[in-house]
Structures are given as C-alpha cells and as structure tokens.
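This is protein-v5.txt (compact mmCIF, C-alpha atoms and all ligand atoms).
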```txt
# COMPACT_ATOMS: atom_id res chain seq x y z
CA MET A 68 -160.02 13.89 17.58
CA GLU A 69 -160.92 13.16 21.23
CA SER A 70 -158.00 12.39 23.56
CA ALA A 71 -157.86 9.48 25.94
CA ARG A 72 -158.35 10.49 29.56
CA ASN A 73 -154.84 9.94 30.84
CA GLY A 74 -151.42 8.65 29.90
CA LYS A 75 -152.04 5.34 31.61
CA THR A 76 -155.03 4.42 29.43
CA MET A 77 -153.02 5.45 26.38
CA LYS A 78 -150.07 3.23 27.08
CA GLN A 79 -152.33 0.32 27.98
CA ALA A 80 -154.18 0.49 24.67
CA ALA A 81 -150.89 0.45 22.74
CA LYS A 82 -149.47 -2.33 24.87
CA ARG A 83 -152.55 -4.48 24.43
CA PHE A 84 -152.47 -3.90 20.68
CA ILE A 85 -148.80 -4.87 20.40
CA GLU A 86 -149.44 -8.05 22.41
CA ASN A 87 -152.49 -8.97 20.36
CA PRO A 88 -153.35 -6.84 17.30
CA ASP A 89 -156.67 -8.61 16.88
CA LEU A 90 -158.79 -5.74 18.24
CA THR A 91 -162.50 -5.07 17.87
CA LYS A 92 -163.84 -1.81 16.47
CA GLU A 93 -164.01 -0.42 20.02
CA GLY A 94 -160.42 -1.50 20.69
CA PHE A 95 -159.19 0.27 17.55
CA GLU A 96 -161.15 3.39 18.50
CA GLU A 97 -159.42 3.47 21.85
CA LEU A 98 -156.06 2.99 20.15
CA ILE A 99 -156.66 5.78 17.62
CA ARG A 100 -157.69 8.15 20.40
CA CYS A 101 -154.10 7.76 21.66
CA ALA A 102 -152.62 9.05 18.38
CA ASP A 103 -151.63 12.35 20.00
CA ASP A 104 -149.80 10.77 22.93
CA PRO A 105 -146.04 10.84 22.22
CA GLU A 106 -145.30 7.74 24.32
CA THR A 107 -147.91 5.70 22.49
CA VAL A 108 -146.67 6.93 19.12
CA ASN A 109 -143.08 6.01 20.04
CA ALA A 110 -144.03 2.54 21.22
CA LEU A 111 -146.03 1.79 18.07
CA THR A 112 -143.43 3.24 15.70
CA GLU A 113 -140.71 1.17 17.32
CA GLU A 114 -142.74 -2.03 17.03
CA ALA A 115 -143.70 -1.24 13.41
CA VAL A 116 -140.06 -0.68 12.45
CA ARG A 117 -139.02 -3.89 14.22
CA ILE A 118 -141.61 -5.92 12.27
CA ARG A 119 -140.78 -4.25 8.98
CA ARG A 120 -137.08 -5.07 9.47
CA LYS A 121 -137.86 -8.65 10.41
CA TYR A 122 -139.66 -9.31 7.10
CA TYR A 123 -138.06 -6.86 4.70
CA GLY A 124 -134.72 -5.83 6.22
CA ASP A 125 -133.72 -2.42 4.91
CA LYS A 126 -135.32 -2.88 1.47
CA VAL A 127 -137.64 -0.31 -0.04
CA TYR A 128 -139.44 -1.45 -3.19
CA THR A 129 -140.07 0.89 -6.10
CA ARG A 130 -143.07 0.86 -8.41
CA GLY A 131 -143.22 2.94 -11.57
CA LEU A 132 -146.57 4.71 -11.69
CA ILE A 133 -148.04 5.26 -15.16
CA GLU A 134 -151.11 7.50 -14.98
CA PHE A 135 -152.47 6.61 -18.40
CA THR A 136 -155.89 8.30 -18.45
CA ASN A 137 -157.64 10.96 -16.40
CA TYR A 138 -161.06 10.39 -18.01
CA CYS A 139 -163.43 9.03 -15.39
CA LYS A 140 -167.08 8.02 -15.43
CA ASN A 141 -167.34 8.39 -11.65
CA ASN A 142 -168.06 11.49 -9.69
CA CYS A 143 -166.38 10.94 -6.32
CA TYR A 144 -166.79 14.20 -4.42
CA TYR A 145 -163.16 14.41 -3.25
CA CYS A 146 -161.40 13.72 -6.53
CA GLY A 147 -160.07 16.30 -8.99
CA ILE A 148 -160.57 14.05 -12.02
CA ARG A 149 -164.20 13.18 -11.26
CA ARG A 150 -166.61 13.32 -14.23
CA GLY A 151 -168.31 16.52 -13.04
CA ASN A 152 -165.10 18.56 -13.07
CA LEU A 153 -165.46 20.25 -16.45
CA ARG A 154 -162.28 22.23 -15.87
CA ALA A 155 -160.06 19.15 -15.82
CA CYS A 156 -157.99 18.94 -18.96
CA ARG A 157 -158.48 15.36 -20.10
CA TYR A 158 -155.88 13.08 -21.69
CA ARG A 159 -155.35 9.44 -22.41
CA LEU A 160 -152.09 7.78 -23.44
CA THR A 161 -151.91 5.52 -26.47
CA GLY A 162 -150.77 1.93 -26.10
CA GLU A 163 -147.48 2.98 -27.63
CA GLU A 164 -147.00 5.80 -25.13
CA ILE A 165 -147.69 3.40 -22.28
CA LEU A 166 -145.06 1.00 -23.65
CA ASP A 167 -142.62 3.92 -23.95
CA CYS A 168 -143.17 4.66 -20.24
CA CYS A 169 -142.41 1.01 -19.44
CA ALA A 170 -139.24 1.12 -21.57
CA GLU A 171 -138.03 4.23 -19.75
CA GLY A 172 -139.00 2.67 -16.41
CA TYR A 173 -137.18 -0.56 -17.20
CA ARG A 174 -134.07 1.40 -18.15
CA LEU A 175 -134.25 3.24 -14.81
CA GLY A 176 -134.46 -0.07 -12.94
CA PHE A 177 -138.18 -0.42 -12.30
CA ARG A 178 -139.49 -4.00 -12.28
CA THR A 179 -143.10 -3.18 -11.39
CA PHE A 180 -145.34 -1.06 -13.58
CA VAL A 181 -148.53 0.33 -12.11
CA LEU A 182 -151.11 1.26 -14.72
CA GLN A 183 -153.39 3.72 -12.96
CA GLY A 184 -156.29 5.63 -14.43
CA GLY A 185 -159.77 6.94 -13.98
CA GLU A 186 -162.65 4.63 -14.91
CA ASP A 187 -162.35 5.36 -18.62
CA ARG A 188 -164.74 3.40 -20.85
CA TRP A 189 -162.49 4.00 -23.88
CA PHE A 190 -160.22 1.37 -22.38
CA THR A 191 -162.54 -1.55 -23.02
CA ASP A 192 -161.63 -4.98 -21.70
CA GLU A 193 -160.12 -5.88 -25.08
CA ARG A 194 -158.00 -2.74 -25.30
CA MET A 195 -156.77 -3.18 -21.73
CA ALA A 196 -156.00 -6.86 -22.30
CA ASP A 197 -154.02 -6.00 -25.45
CA ILE A 198 -151.91 -3.48 -23.52
CA ILE A 199 -151.34 -5.90 -20.65
CA ARG A 200 -150.33 -8.68 -23.07
CA ALA A 201 -147.88 -6.38 -24.85
CA ILE A 202 -146.21 -5.38 -21.56
CA ARG A 203 -146.16 -8.98 -20.34
CA LYS A 204 -144.51 -10.14 -23.57
CA LYS A 205 -141.83 -7.47 -23.52
CA TYR A 206 -141.13 -7.61 -19.77
CA PRO A 207 -141.60 -11.19 -18.56
CA ASP A 208 -139.55 -10.40 -15.46
CA CYS A 209 -141.73 -7.48 -14.34
CA ALA A 210 -144.87 -7.29 -12.24
CA ILE A 211 -147.90 -5.59 -13.80
CA THR A 212 -150.20 -3.81 -11.37
CA LEU A 213 -153.56 -2.41 -12.40
CA SER A 214 -155.39 0.44 -10.67
CA ILE A 215 -158.40 1.13 -12.88
CA GLY A 216 -161.34 0.84 -10.54
CA GLU A 217 -164.40 -1.33 -10.51
CA ARG A 218 -164.94 -3.91 -13.27
CA SER A 219 -166.74 -7.23 -13.51
CA TYR A 220 -165.31 -10.56 -12.38
CA GLU A 221 -165.06 -11.53 -16.05
CA SER A 222 -163.01 -8.41 -16.90
CA TYR A 223 -160.71 -8.99 -13.95
CA ARG A 224 -160.30 -12.61 -15.11
CA LEU A 225 -159.41 -11.49 -18.63
CA PHE A 226 -156.77 -9.06 -17.32
CA ARG A 227 -155.32 -11.74 -15.08
CA GLU A 228 -155.04 -14.14 -18.02
CA ALA A 229 -153.45 -11.38 -20.08
CA GLY A 230 -150.69 -11.19 -17.47
CA ALA A 231 -151.67 -8.75 -14.71
CA ASP A 232 -150.36 -9.76 -11.27
CA ARG A 233 -151.59 -7.12 -8.84
CA TYR A 234 -154.54 -4.77 -8.42
CA LEU A 235 -154.91 -1.62 -6.35
CA LEU A 236 -158.44 -0.60 -5.42
CA ARG A 237 -158.76 1.53 -2.32
CA HIS A 238 -162.00 0.92 -0.43
CA GLU A 239 -161.81 4.65 0.59
CA THR A 240 -163.86 4.09 3.80
CA ALA A 241 -165.35 0.96 5.32
CA ASN A 242 -168.26 2.83 6.90
CA GLU A 243 -171.45 2.79 4.77
CA GLU A 244 -172.71 6.17 5.88
CA HIS A 245 -169.32 7.80 5.36
CA TYR A 246 -169.01 6.12 1.94
CA GLY A 247 -172.29 7.83 1.03
CA LYS A 248 -170.86 11.22 1.99
CA LEU A 249 -167.84 10.77 -0.27
CA HIS A 250 -169.58 9.24 -3.28
CA PRO A 251 -172.77 9.78 -5.26
CA ALA A 252 -175.62 7.29 -4.89
CA ASP A 253 -174.61 5.28 -7.98
CA MET A 254 -171.56 3.97 -6.12
CA SER A 255 -171.63 1.63 -3.16
CA LEU A 256 -169.28 0.19 -0.57
CA ALA A 257 -170.83 -3.25 -1.16
CA VAL A 258 -169.74 -3.27 -4.82
CA ARG A 259 -166.30 -2.00 -3.88
CA LYS A 260 -165.85 -4.81 -1.36
CA LEU A 261 -167.15 -7.38 -3.84
CA CYS A 262 -164.54 -6.26 -6.37
CA LEU A 263 -161.78 -6.66 -3.78
CA TYR A 264 -162.90 -10.20 -2.93
CA ASP A 265 -163.25 -11.07 -6.65
CA LEU A 266 -159.69 -9.88 -7.24
CA LYS A 267 -158.44 -12.03 -4.38
CA LEU A 268 -160.29 -15.06 -5.73
CA LEU A 269 -158.62 -14.58 -9.10
CA GLY A 270 -155.19 -14.75 -7.49
CA TYR A 271 -154.23 -11.10 -7.75
CA GLN A 272 -152.06 -9.57 -5.06
CA VAL A 273 -154.60 -7.04 -3.87
CA GLY A 274 -154.21 -3.56 -2.43
CA ALA A 275 -156.94 -1.77 -0.48
CA GLY A 276 -156.71 1.52 1.40
CA PHE A 277 -158.28 4.77 2.43
CA MET A 278 -157.75 8.49 2.84
CA VAL A 279 -156.96 9.86 6.27
CA GLY A 280 -159.00 12.90 7.31
CA SER A 281 -161.53 12.84 4.48
CA PRO A 282 -164.60 15.00 5.19
CA GLY A 283 -166.97 13.39 7.68
CA GLN A 284 -164.45 10.78 8.82
CA THR A 285 -164.67 9.94 12.54
CA THR A 286 -162.48 7.81 14.79
CA GLY A 287 -165.17 5.16 14.41
CA CYS A 288 -164.79 5.20 10.61
CA LEU A 289 -161.04 4.67 10.89
CA ALA A 290 -161.60 1.85 13.37
CA GLU A 291 -163.92 0.22 10.81
CA ASP A 292 -161.23 0.63 8.15
CA LEU A 293 -158.83 -1.31 10.36
CA VAL A 294 -161.41 -4.02 11.08
CA PHE A 295 -162.03 -4.34 7.33
CA LEU A 296 -158.30 -4.61 6.58
CA LYS A 297 -158.04 -7.31 9.22
CA GLU A 298 -160.83 -9.26 7.47
CA LEU A 299 -159.69 -8.73 3.87
CA LYS A 300 -155.99 -9.34 4.58
CA PRO A 301 -154.80 -7.48 1.50
CA HIS A 302 -151.19 -7.83 0.28
CA MET A 303 -150.89 -4.06 -0.02
CA VAL A 304 -152.47 -1.08 1.75
CA GLY A 305 -152.33 2.46 0.37
CA ILE A 306 -153.18 5.26 2.75
CA GLY A 307 -152.55 8.98 2.46
CA PRO A 308 -153.97 12.18 3.87
CA PHE A 309 -157.01 13.70 2.20
CA ILE A 310 -156.03 16.89 0.34
CA PRO A 311 -158.73 19.24 -0.97
CA HIS A 312 -158.97 19.95 -4.67
CA HIS A 313 -160.11 23.46 -5.67
CA ASP A 314 -162.65 22.25 -8.26
CA THR A 315 -164.54 19.87 -5.97
CA ALA A 316 -167.33 20.22 -3.42
CA PHE A 317 -164.65 19.67 -0.75
CA ALA A 318 -162.51 22.63 -1.88
CA GLY A 319 -162.92 24.39 1.47
CA GLU A 320 -162.35 21.34 3.67
CA LYS A 321 -159.30 20.82 5.85
CA ALA A 322 -156.54 18.47 4.71
CA GLY A 323 -155.92 15.27 6.69
CA SER A 324 -153.15 15.08 9.26
CA VAL A 325 -149.65 13.85 8.42
CA GLU A 326 -149.14 12.69 12.02
CA LEU A 327 -152.32 10.62 12.06
CA THR A 328 -151.37 9.08 8.72
CA LEU A 329 -147.96 8.10 10.11
CA PHE A 330 -149.60 6.67 13.22
CA LEU A 331 -151.94 4.57 11.08
CA LEU A 332 -149.05 3.37 8.90
CA SER A 333 -147.44 1.96 12.06
CA VAL A 334 -150.74 0.43 13.19
CA ILE A 335 -151.24 -1.25 9.80
CA ARG A 336 -147.68 -2.61 9.79
CA ILE A 337 -148.35 -4.23 13.18
CA LEU A 338 -151.79 -5.48 12.11
CA LEU A 339 -150.57 -7.02 8.82
CA PRO A 340 -146.84 -7.67 9.38
CA GLU A 341 -145.92 -8.64 5.81
CA VAL A 342 -148.03 -6.05 4.04
CA LEU A 343 -146.54 -3.89 1.29
CA LEU A 344 -147.10 -0.37 2.48
CA PRO A 345 -146.29 2.64 0.31
CA ALA A 346 -145.20 6.02 1.60
CA THR A 347 -147.65 7.79 -0.70
CA THR A 348 -147.47 10.86 -2.93
CA ALA A 349 -150.19 12.56 -0.86
CA LEU A 350 -147.98 12.20 2.22
CA GLY A 351 -145.07 13.71 0.28
CA THR A 352 -147.30 16.50 -0.97
CA LEU A 353 -148.39 17.67 2.49
CA ASP A 354 -144.93 17.39 4.03
CA PRO A 355 -141.62 17.70 2.14
CA GLN A 356 -140.23 14.98 4.44
CA GLY A 357 -143.45 12.98 4.27
CA ARG A 358 -142.07 10.05 2.33
CA GLU A 359 -139.08 9.61 4.64
CA LYS A 360 -141.33 9.90 7.67
CA GLY A 361 -143.59 7.25 6.16
CA LEU A 362 -140.66 4.85 5.77
CA ALA A 363 -139.61 5.55 9.35
CA ALA A 364 -143.16 4.69 10.48
CA GLY A 365 -143.22 1.25 8.83
CA ALA A 366 -143.80 1.84 5.10
CA ASN A 367 -141.61 -0.10 2.62
CA VAL A 368 -142.68 0.97 -0.87
CA VAL A 369 -142.36 4.15 -2.97
CA MET A 370 -144.12 4.79 -6.26
CA PRO A 371 -142.30 7.35 -8.40
CA ASN A 372 -144.12 8.87 -11.36
CA LEU A 373 -143.30 7.41 -14.78
CA SER A 374 -146.04 9.22 -16.70
CA PRO A 375 -144.98 11.41 -19.63
CA LEU A 376 -143.92 14.83 -18.31
CA LYS A 377 -146.45 16.60 -20.56
CA ASN A 378 -149.38 14.88 -18.80
CA ARG A 379 -148.23 14.78 -15.20
CA LYS A 380 -149.90 17.98 -14.06
CA GLN A 381 -153.18 16.86 -15.63
CA TYR A 382 -153.52 13.84 -13.35
CA GLU A 383 -154.54 16.18 -10.58
CA LEU A 384 -156.40 14.21 -7.93
CA TYR A 385 -155.82 16.98 -5.37
CA ASP A 386 -154.16 20.40 -5.20
CA ASN A 387 -150.37 20.79 -5.48
CA LYS A 388 -149.78 17.09 -6.18
CA ILE A 389 -146.01 16.73 -6.45
CA CYS A 390 -144.76 15.20 -9.68
CA THR A 391 -141.35 16.49 -10.71
CA GLY A 392 -139.10 16.18 -7.65
CA GLU A 393 -137.87 12.95 -6.04
CA GLU A 394 -141.26 11.42 -6.78
CA ALA A 395 -140.39 11.59 -10.48
CA ALA A 396 -138.97 8.34 -11.82
CA GLU A 397 -136.22 10.20 -13.67
CA CYS A 398 -134.96 11.51 -10.30
CA ILE A 399 -134.62 8.03 -8.85
CA GLY A 400 -131.03 8.86 -7.86
CA ASP A 401 -132.19 11.69 -5.58
CA LEU A 402 -134.83 9.46 -4.08
CA GLU A 403 -132.22 6.76 -3.51
CA ARG A 404 -130.10 9.21 -1.51
CA ARG A 405 -133.07 10.35 0.55
CA VAL A 406 -134.12 6.80 1.32
CA ALA A 407 -130.54 5.98 2.31
CA GLY A 408 -130.60 9.04 4.55
CA VAL A 409 -133.21 7.38 6.77
CA GLY A 410 -131.35 4.06 6.82
CA TYR A 411 -133.09 2.15 4.02
CA ARG A 412 -132.10 0.89 0.59
CA LEU A 413 -134.02 1.28 -2.68
CA VAL A 414 -134.06 -2.00 -4.57
CA SER A 415 -135.09 -2.76 -8.11
CA GLU A 416 -136.53 -6.26 -7.67
CA ARG A 417 -140.22 -7.02 -8.30
CA GLY A 418 -140.86 -7.14 -4.57
CA ASP A 419 -143.81 -9.46 -4.21
CA ALA A 420 -145.35 -9.76 -0.78
CA CYS A 421 -143.17 -12.09 1.38
CA SER A 422 -145.90 -14.70 1.33
CA PRO A 423 -149.61 -14.57 0.65
CA ALA A 424 -151.17 -12.57 3.48
CA ARG A 425 -152.38 -14.98 6.13
N1 LIG A 501 -156.89 13.67 -1.55
C1 LIG A 501 -156.16 12.57 -1.28
N2 LIG A 501 -156.27 11.43 -1.97
C2 LIG A 501 -157.13 11.40 -3.00
N3 LIG A 501 -157.46 10.43 -3.86
C3 LIG A 501 -158.37 10.91 -4.72
N4 LIG A 501 -158.67 12.18 -4.42
C4 LIG A 501 -157.91 12.52 -3.35
C5 LIG A 501 -157.79 13.69 -2.56
N5 LIG A 501 -158.51 14.79 -2.82
C6 LIG A 501 -156.93 9.06 -3.73
C7 LIG A 501 -158.07 8.07 -3.60
C8 LIG A 501 -157.89 7.16 -4.78
C9 LIG A 501 -156.42 7.34 -5.13
C10 LIG A 501 -156.07 7.01 -6.53
O1 LIG A 501 -156.20 8.71 -4.88
O2 LIG A 501 -157.94 7.35 -2.38
O3 LIG A 501 -158.20 5.81 -4.52
```

Whole structure given in structure tokens:
Amino acid sequence: MESARNGKTMKQAAKRFIENPDLTKEGFEELIRCADDPETVNALTEEAVRIRRKYYGDKVYTRGLIEFTNYCKNNCYYCGIRRGNLRACRYRLTGEEILDCCAEGYRLGFRTFVLQGGEDRWFTDERMADIIRAIRKKYPDCAITLSIGERSYESYRLFREAGADRYLLRHETANEEHYGKLHPADMSLAVRKLCLYDLKLLGYQVGAGFMVGSPGQTTGCLAEDLVFLKELKPHMVGIGPFIPHHDTAFAGEKAGSVELTLFLLSVIRILLPEVLLPATTALGTLDPQGREKGLAAGANVVMPNLSPLKNRKQYELYDNKICTGEEAAECIGDLERRVAGVGYRLVSERGDACSPAR
C-alpha cells in the first residue's frame, strides 16, 4: 500500500472524512493511503467508537451461525468449499439437525439464527422454505438470517414469506475487473448487485461485504467497495481479511492485513453510523485478539458457531478457521468475559438495526 506524502496530508484526509463522510472514490483512496499513519488511525478509531456508543451503547449482539451445507455449485477461486475442490469432505445437515442447532442456540440465549451454506441445489426453494417455516413457527421471537448466495427474486420472495428477516450476501469486491480475478466467468458482479437490490426491495435487512487483502485488490478496489456501500446502504456489513486455503489457486498468496481490516471497520462505522458490523471469524483466525480489536474499532456483532461439532472442521472456507474456542456457541461464557474485558456487553436480544439504513 502506498503511503501519503506527509503527516499533514494524512490528518487532513481523516479530518475531512469525519466532517463529511460522503467522499468520492478518489477521496476514499486518499483516506485508505493513510491507514498506516498512527495519528489518522487513532482519530478514526475514536470517532468510530463514539458513533457506535451513541447508537448502540455498550451492547454487542450475538448471532448463532449454523453452517448447514458445504456443497457449492460455484467455483470462487479463494474459497475452500468451491465446487472444484475435490478434497473437501462434503456434508449437509438434515432439517431436523438444523432445528436441533436452533434449540441448542435458543437454550444458550441466541435470538438470531444465521443459516449459512454453499450454493447447494439440494436445498431447493421448497426445502428451504419448509425449514424456514419450521424455525419461524418454533421461534417466533427470533430473527432468521439467510446466507445462501444468489437466487432469483421469486425464491427470495418465497423465503421472506416463509419468515426470513435478514440476508447476508457479500459483494466480495465492487470492482468489475477484480471480481473477474476472484471468480470464474459464469459469475458476475452485476448479478451479485442485482440480488442485493432485490433483497432490499423485498424488505430484508441486508448485509453486504468484502474480503480485505484478496489477491489483486488495490487501494482503488477498496475505495470502490466503500462507494458501493455508500450507495447500497446495507443494514449490515461483513468484512474480514482474506486467508489463503491450501486447496485453492490462491494457496500461495499472502493473507490480508488485520490492521487494514480494523481501519476499514472504523471507516465503515463512520460511513454508515447505524450499521451492524460483525467482528468476523476471519479476523479472530488471523489474530487471537482479533475479535476484541474489531469491537474496539467500531464493530458491534459477534457470530459464534452453532453448527454440530462433527461438521465444524468441514466448513473450511480458509486455512485454520477457528471453530472450537470462544467462537463456539457453547463457549458463550468465555466470549462474554472477553467482550466485557474490552468494555462491552454481550446481549441476547434480536438486535435489529436501530432504524432502516438511511
Ligand atoms: N478468506 C477469507 N474469507 C473468505 N471467504 C471465503 N473464502 C475466504 C477466504 N479464503 C468469505 C467470503 C464469503 C464468506 C462466507 O466467507 O467473503 O462471502
């Protein structure tokens, strides 16, 4: 990453951004080039924490993550569960197993269930809708979040009617050329964006997001990610460092930077003040204190793993993905203590976005 020429330019870019976060691509590029200046980082972190406190106080929301299938019809070059990885040991949970995960989650205090999976055709619209309806019926007080990739407007509508409230679909990168370096030609940024707008239209609380430091990513790409977030105004944004997976074309690539991820978390908090921003598993994987650092940079959500223990290792998006420590739902007590250690408080409520993103 190129550095800004001197400390003065750095501070000015941060100051301008804090006064008016509505920057152009060039403005964001200038801001990101200041990510290695300690004074800039401090100023942005402080502002991010101030905003986070204003809207959310000391609350940290928890979401129980149920990774219910690692079959995937896509072949994203960075991802360990892509179709072309013949070494991945595939599994899919039954409807009953998914409901068991919810029951355990509910007992532990979770009031949001995130059903995440690869794009698995076995889970047809009807099968998905049945599962969603069953969860909705049993847990009327809980939020149901889906994270199952690209589907048609009609499918999204069916899931919404079945009782789904939220949808996570990272855009991965808002730069066309970069998107083409991360995905095969049968996938496109245009379709991804269309899905996100469809989901918004249908009244979902929508989450977008991207990896930090994915191969081929430039400062310009990240600036475009921020411009896109500003346009989409999602309710949630998931970002985490890229981490290579040994069975992918990117096995030999460098991992993304924890510091840059933290910097961008602060920037996103300032850009979208009321956004729900998780301190992600990838951040916790690269740095044992990653999750706490994320919270201290402006994040306000954690997503412990509620998947059955026997399958956790198989949902291997990247190498060394943590899944049995504080990120495990059953260790929620440990996580609670760690969150308290940085001055925040884990809460069990549904935690919808304060108000629809403006
Ligand atoms: N490193 C970091 N994050 C990854 N994801 C997939 N593969 C990797 C990787 N190698 C992220 C993607 C996806 C989310 C479920 O996991 O951003 O949207």

### Message
Counting all atoms listed in the file, what are the residues, protein, DNA or RNA alike, that approach ligand LIG 501 (chain A) to within 9 Å? I want them as an MDAnalysis selection string.
### Response
chainID A and resid 143:149 183:185 214:216 235:239 275:279 281 305:312 315 317:318 322:323 348:350 383:386

Taking only residues of stretch 130-198 of chain A that have an atom at most 10 Å from an atom of stretch 219-225 of chain A, what is each one's shortest atom pair and its distance in Å to one decimal, using all atoms listed in the file, in chain and number order, as JSON lines?
```
{"residue": "A:Thr191", "atom": "CA", "partner": "A:Ser222", "partner_atom": "CA", "distance": 9.2}
{"residue": "A:Asp192", "atom": "CA", "partner": "A:Ser222", "partner_atom": "CA", "distance": 6.1}
{"residue": "A:Glu193", "atom": "CA", "partner": "A:Leu225", "partner_atom": "CA", "distance": 8.6}
{"residue": "A:Met195", "atom": "CA", "partner": "A:Leu225", "partner_atom": "CA", "distance": 9.3}
{"residue": "A:Ala196", "atom": "CA", "partner": "A:Leu225", "partner_atom": "CA", "distance": 6.8}
```

### Between atom CA of A:Thr112 and atom CA of A:Val273, distance in Å (one decimal)
24.8 Å

List every residue of stretch 344-421 of chain A that has an atom at most 6 Å from any atom of stretch 131-135 of chain A, and for each one report the closest atom pair and its distance in Å to one decimal, counting all atoms listed in the file, with rows sorted by chain and then by increasing residue number, as a tab-separated table.
```
residue	atom	partner	partner_atom	distance
A:Met370	CA	A:Gly131	CA	5.7
A:Pro371	CA	A:Gly131	CA	5.5
A:Asn372	CA	A:Leu132	CA	4.8
A:Leu373	CA	A:Ile133	CA	5.2
A:Ser374	CA	A:Ile133	CA	4.7
```

### Message
So that I can check the surroundings of A:Lys248, please list as a ChimeraX atom specification every protein, DNA and RNA residue that reaches within 9 Å of it, counting all atoms listed in the file and ignoring chain neighbours fewer than 4 positions away.
### Response
/A:144,243-244,282-283

### Task
Write out as a ChimeraX atom specification each polymer residue whose atoms come within 9 Å of A:Arg200, counting all atoms listed in the file; drop sequence neighbours fewer than 5 positions from it.
/A:195,205,226,228-231

### Query
Which of these, A:Glu394, A:Glu86, A:Asp232, A:Glu96, has the shortest distance to A:Asp292 once you count only C-alpha atoms?
A:Glu96

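If all atoms listed in the file are the atoms counted, then among A:Trp189, A:Tyr206, A:Phe295, A:Phe330 the closest residue to A:Leu362 is A:Phe330.
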
### Message
as a ChimeraX atom specification, please: the residues near A:Leu329 (cut-off 10 Å, only C-alpha atoms, same-chain neighbours under 2 positions excluded).
### Response
/A:102,108,112,279,306-308,324-327,331-335,346,350,357-358,360-366

Centre and edge lengths of an axis-aligned box around all listed atoms of stretch 110-117 of chain A, with 5 Å added on each side, are to be given in Å to one decimal, as lines of an AutoDock Vina configuration file.
```
center_x = -142.5
center_y = -0.3
center_z = 16.8
size_x = 17.0
size_y = 17.1
size_z = 18.8
```

### Task
Tell me, as a PyMOL selection string, which residues lie within 7 Å of A:Asn142, counting only C-alpha atoms; anything in the same chain fewer than 6 positions away does not count.
chain A and resi 149-151+250-251

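Nearest to A:Thr212 of all the residues A:Pro105, A:Gly94, A:Gly274, A:Gly124 is A:Gly274, counting all atoms listed in the file.
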
### Selection: 8 Å around stretch 154-162 of chain A, all atoms listed in the file, excl. self and same-chain fewer than 3 positions, as a PyMOL selection string
chain A and resi 135-138+147-148+165-166+198+314+378+381

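When only C-alpha atoms are used to compute distances to A:Glu291, the closest of the residues A:Leu256, A:Cys169, A:Ala241, A:Leu90 turns out to be A:Ala241.
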
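Atom CA of A:Phe180 lies 25.5 Å from atom CA of A:Asp354.
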
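Going from atom CA of A:Arg336 to atom CA of A:Asn109 covers 14.2 Å.
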
Would you mind completing stretch 205-223 of chain A so that it carries N, CA and C atoms, and writing it out as a PDB file, in the coordinates of the input?
```pdb
ATOM      1  N   LYS A 205    -143.104  -8.180 -23.453  1.00  0.00           N
ATOM      2  CA  LYS A 205    -141.830  -7.470 -23.520  1.00  0.00           C
ATOM      3  C   LYS A 205    -141.063  -7.537 -22.200  1.00  0.00           C
ATOM      4  N   TYR A 206    -141.771  -7.642 -21.095  1.00  0.00           N
ATOM      5  CA  TYR A 206    -141.130  -7.610 -19.770  1.00  0.00           C
ATOM      6  C   TYR A 206    -141.566  -8.786 -18.916  1.00  0.00           C
ATOM      7  N   PRO A 207    -141.145 -10.009 -19.308  1.00  0.00           N
ATOM      8  CA  PRO A 207    -141.600 -11.190 -18.560  1.00  0.00           C
ATOM      9  C   PRO A 207    -141.132 -11.191 -17.106  1.00  0.00           C
ATOM     10  N   ASP A 208    -140.088 -10.407 -16.825  1.00  0.00           N
ATOM     11  CA  ASP A 208    -139.550 -10.400 -15.460  1.00  0.00           C
ATOM     12  C   ASP A 208    -140.180  -9.312 -14.578  1.00  0.00           C
ATOM     13  N   CYS A 209    -141.146  -8.586 -15.108  1.00  0.00           N
ATOM     14  CA  CYS A 209    -141.730  -7.480 -14.340  1.00  0.00           C
ATOM     15  C   CYS A 209    -143.133  -7.818 -13.830  1.00  0.00           C
ATOM     16  N   ALA A 210    -143.508  -7.163 -12.744  1.00  0.00           N
ATOM     17  CA  ALA A 210    -144.870  -7.290 -12.240  1.00  0.00           C
ATOM     18  C   ALA A 210    -145.728  -6.205 -12.885  1.00  0.00           C
ATOM     19  N   ILE A 211    -146.955  -6.568 -13.245  1.00  0.00           N
ATOM     20  CA  ILE A 211    -147.900  -5.590 -13.800  1.00  0.00           C
ATOM     21  C   ILE A 211    -149.025  -5.397 -12.777  1.00  0.00           C
ATOM     22  N   THR A 212    -149.158  -4.154 -12.340  1.00  0.00           N
ATOM     23  CA  THR A 212    -150.200  -3.810 -11.370  1.00  0.00           C
ATOM     24  C   THR A 212    -151.232  -2.937 -12.057  1.00  0.00           C
ATOM     25  N   LEU A 213    -152.503  -3.246 -11.854  1.00  0.00           N
ATOM     26  CA  LEU A 213    -153.560  -2.410 -12.400  1.00  0.00           C
ATOM     27  C   LEU A 213    -154.216  -1.601 -11.291  1.00  0.00           C
ATOM     28  N   SER A 214    -154.642  -0.394 -11.621  1.00  0.00           N
ATOM     29  CA  SER A 214    -155.390   0.440 -10.670  1.00  0.00           C
ATOM     30  C   SER A 214    -156.381   1.233 -11.500  1.00  0.00           C
ATOM     31  N   ILE A 215    -157.438   0.533 -11.936  1.00  0.00           N
ATOM     32  CA  ILE A 215    -158.400   1.130 -12.880  1.00  0.00           C
ATOM     33  C   ILE A 215    -159.839   0.951 -12.421  1.00  0.00           C
ATOM     34  N   GLY A 216    -159.998   0.791 -11.111  1.00  0.00           N
ATOM     35  CA  GLY A 216    -161.340   0.840 -10.540  1.00  0.00           C
ATOM     36  C   GLY A 216    -162.154  -0.428 -10.643  1.00  0.00           C
ATOM     37  N   GLU A 217    -163.462  -0.204 -10.597  1.00  0.00           N
ATOM     38  CA  GLU A 217    -164.400  -1.330 -10.510  1.00  0.00           C
ATOM     39  C   GLU A 217    -164.712  -1.891 -11.885  1.00  0.00           C
ATOM     40  N   ARG A 218    -164.538  -3.210 -12.048  1.00  0.00           N
ATOM     41  CA  ARG A 218    -164.940  -3.910 -13.270  1.00  0.00           C
ATOM     42  C   ARG A 218    -165.568  -5.234 -12.845  1.00  0.00           C
ATOM     43  N   SER A 219    -166.087  -5.961 -13.834  1.00  0.00           N
ATOM     44  CA  SER A 219    -166.740  -7.230 -13.510  1.00  0.00           C
ATOM     45  C   SER A 219    -165.702  -8.316 -13.239  1.00  0.00           C
ATOM     46  N   TYR A 220    -166.163  -9.389 -12.628  1.00  0.00           N
ATOM     47  CA  TYR A 220    -165.310 -10.560 -12.380  1.00  0.00           C
ATOM     48  C   TYR A 220    -164.697 -11.042 -13.689  1.00  0.00           C
ATOM     49  N   GLU A 221    -165.522 -11.064 -14.741  1.00  0.00           N
ATOM     50  CA  GLU A 221    -165.060 -11.530 -16.050  1.00  0.00           C
ATOM     51  C   GLU A 221    -163.920 -10.644 -16.587  1.00  0.00           C
ATOM     52  N   SER A 222    -164.075  -9.331 -16.436  1.00  0.00           N
ATOM     53  CA  SER A 222    -163.010  -8.410 -16.900  1.00  0.00           C
ATOM     54  C   SER A 222    -161.737  -8.657 -16.097  1.00  0.00           C
ATOM     55  N   TYR A 223    -161.884  -8.750 -14.791  1.00  0.00           N
ATOM     56  CA  TYR A 223    -160.710  -8.990 -13.950  1.00  0.00           C
ATOM     57  C   TYR A 223    -160.021 -10.294 -14.349  1.00  0.00           C
TER      58      TYR A 223
END
```
